[in-house]
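Asker: Pasting in a structure now, in structure tokens, and then I'll have a few things to ask.
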Amino acid sequence: MPFSDFHGNRETVDRLRDMLGRERLPHAIVLSGAPGSGKYTLALMLAQALNCLTPRKNDGLPDFCGQCANCTRIAQAADLDARFAEAVEAREGLRETDKKETRIFVQTHPDVLIIPPDPPQMMIKVDQVRRVIGTIYYRPAEGRERVYIFTDSAFMKEAANSLLKVLEEPPEFATIFLLTENPGELLPTIRSRSMVFTLAALPAEEIERDLTRHRPEWKPPQRALVARLSEGAVGRARNFDLAAYSAARDHALAILNSALRGGEHSELFKITDSYRSGAEGREKTEQLIRTLYSLLRDLMFIHSGAPDAIRNTDISPQLNRLAESADFDWITAASDRLAEVERGMRRNLLRSLSLDAFAAALEK
């Protein structure tokens, strides 16, 4: 998978490759962008290019072969979710005393260490940064460069301060990548010692064309819908769970209809009763809340006279009918109530009752 396979943001990618070719790649790089924009994929590609045993050039810029021992071993970390799950499962298999002292890392190559947020808090912890400090000053074992990839910017305070010490005096043979949705979440002192590159959102039309190749089983209206819902992130679009979204949207529409029309609530209770406790129920509820926000946003666009901004274009007639009953004040109130449901989830309130209360409070 050479750099030419990276979709979009060609100017940013080529700038990084040019710096790599001139041996001017910064020792600390912040890659910013929405989830699914390709931050992790690009960081892994650069790790391969830094350590490729048979480097080459394409379009006059450095590239990697993707076939040598270093490239293939680094590429084994491409499925971050799977590797993360394996690391968590391995930790769960340890004795209780060892489990408390073990932090989560992903490493498929001795010179490339991936540092994801550590559960259950899902934050980068100081022991993870200490592992970086403890290895970064040793020369690479099998490659030319040690590479560290922090996959999130949610640092505990002590961890962020510890990382700052490394950034002040980095070794010449190490590169640190910090991936973030918002660079502002990082300490200003960390940002000042790094170079920030942003992966911009892609146009919906470009993502739709990409989906024609990668998701040919979807019909054109489905690809158009996903292209809008993915908010310019091609990775999110390719991996979009259309079936789960459609199911959540059917429930969201039923809840909004129940709130706007009042009367019989048997269908509403049947739906909300399916949102149970546990991890699976939590994920299902979070999907429903995101979908409700998406529909409320579309209703706001309709009232604002901006129908071109609607994302759920395949159900425009249903949205227009809802908009006849839902005015600005109602949409604002619904958004506020939905935020209360989110807060209730964090306090582990009963999800089905929270959703019932959401609909009942908004009855007209």
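For the structure tokens, the naming scheme is as follows: chains receive sequential letters (A, B, ...) according to their order of presentation, residues are indexed from 1 within each chain, and ligands are indexed from 1 in presentation order.
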Quick one: residues within 9 Å of segment 334-339 of chain A, only C-alpha atoms, excluding same-chain residues fewer than 2 positions away - as a PyMOL selection string?

Answerer: chain A and resi 289+292-293+296+329-332+341-344+355+358-359+361-362

Asker: When you look at segment 204-213 of chain A with a cut-off of 10 Å (counting only C-alpha atoms), what residues show up, excluding the ones that are within fewer than 5 positions of it in the same chain? I need them as a list in words.

Answerer: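 Selected residues are His7, Gly8, Trp218, Lys219, Pro220, Pro221, Gln222, Arg223, Ala224, Leu225, Val226, Ala227, Arg228, Leu229, Ser230, Glu231, Gly232, Ala233, Val234, Gly235, Ala237 and Arg238 of chain A.
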
Asker: For the structure I just gave you, how does DSSP split segment 135-225 of chain A - specifically, which residues are helix (DSSP H, G or I)? Reply as a PyMOL selection string.

Answerer: chain A and resi 135-136+157-168+183-185+188-192+204-214+220-225

Asker: Report as an MDAnalysis selection string: the residues of segment 172-271 of chain A with a DSSP assignment of strand (DSSP E or B), based on the backbone of this structure.

Answerer: chainID A and resid 174:180 195:198

Asker: Write out as a compact mmCIF listing (two decimals) with C-alpha atoms, in the first residue's frame which residues come within 7 Å of Leu179 of chain A when counting only C-alpha atoms, dropping same-chain ones fewer than 2 positions away.

Answerer:
```
# COMPACT_ATOMS: atom_id res chain seq x y z
CA VAL A 30 0.70 16.33 15.25
CA LEU A 31 -1.74 14.82 12.74
CA SER A 32 -5.12 16.45 13.17
CA LYS A 39 -4.47 10.01 10.60
CA PHE A 150 0.01 8.20 20.23
CA THR A 151 -3.43 7.45 18.79
CA ASP A 152 -5.33 9.97 20.93
CA SER A 153 -4.75 13.35 22.57
CA PHE A 177 3.28 11.13 16.03
```
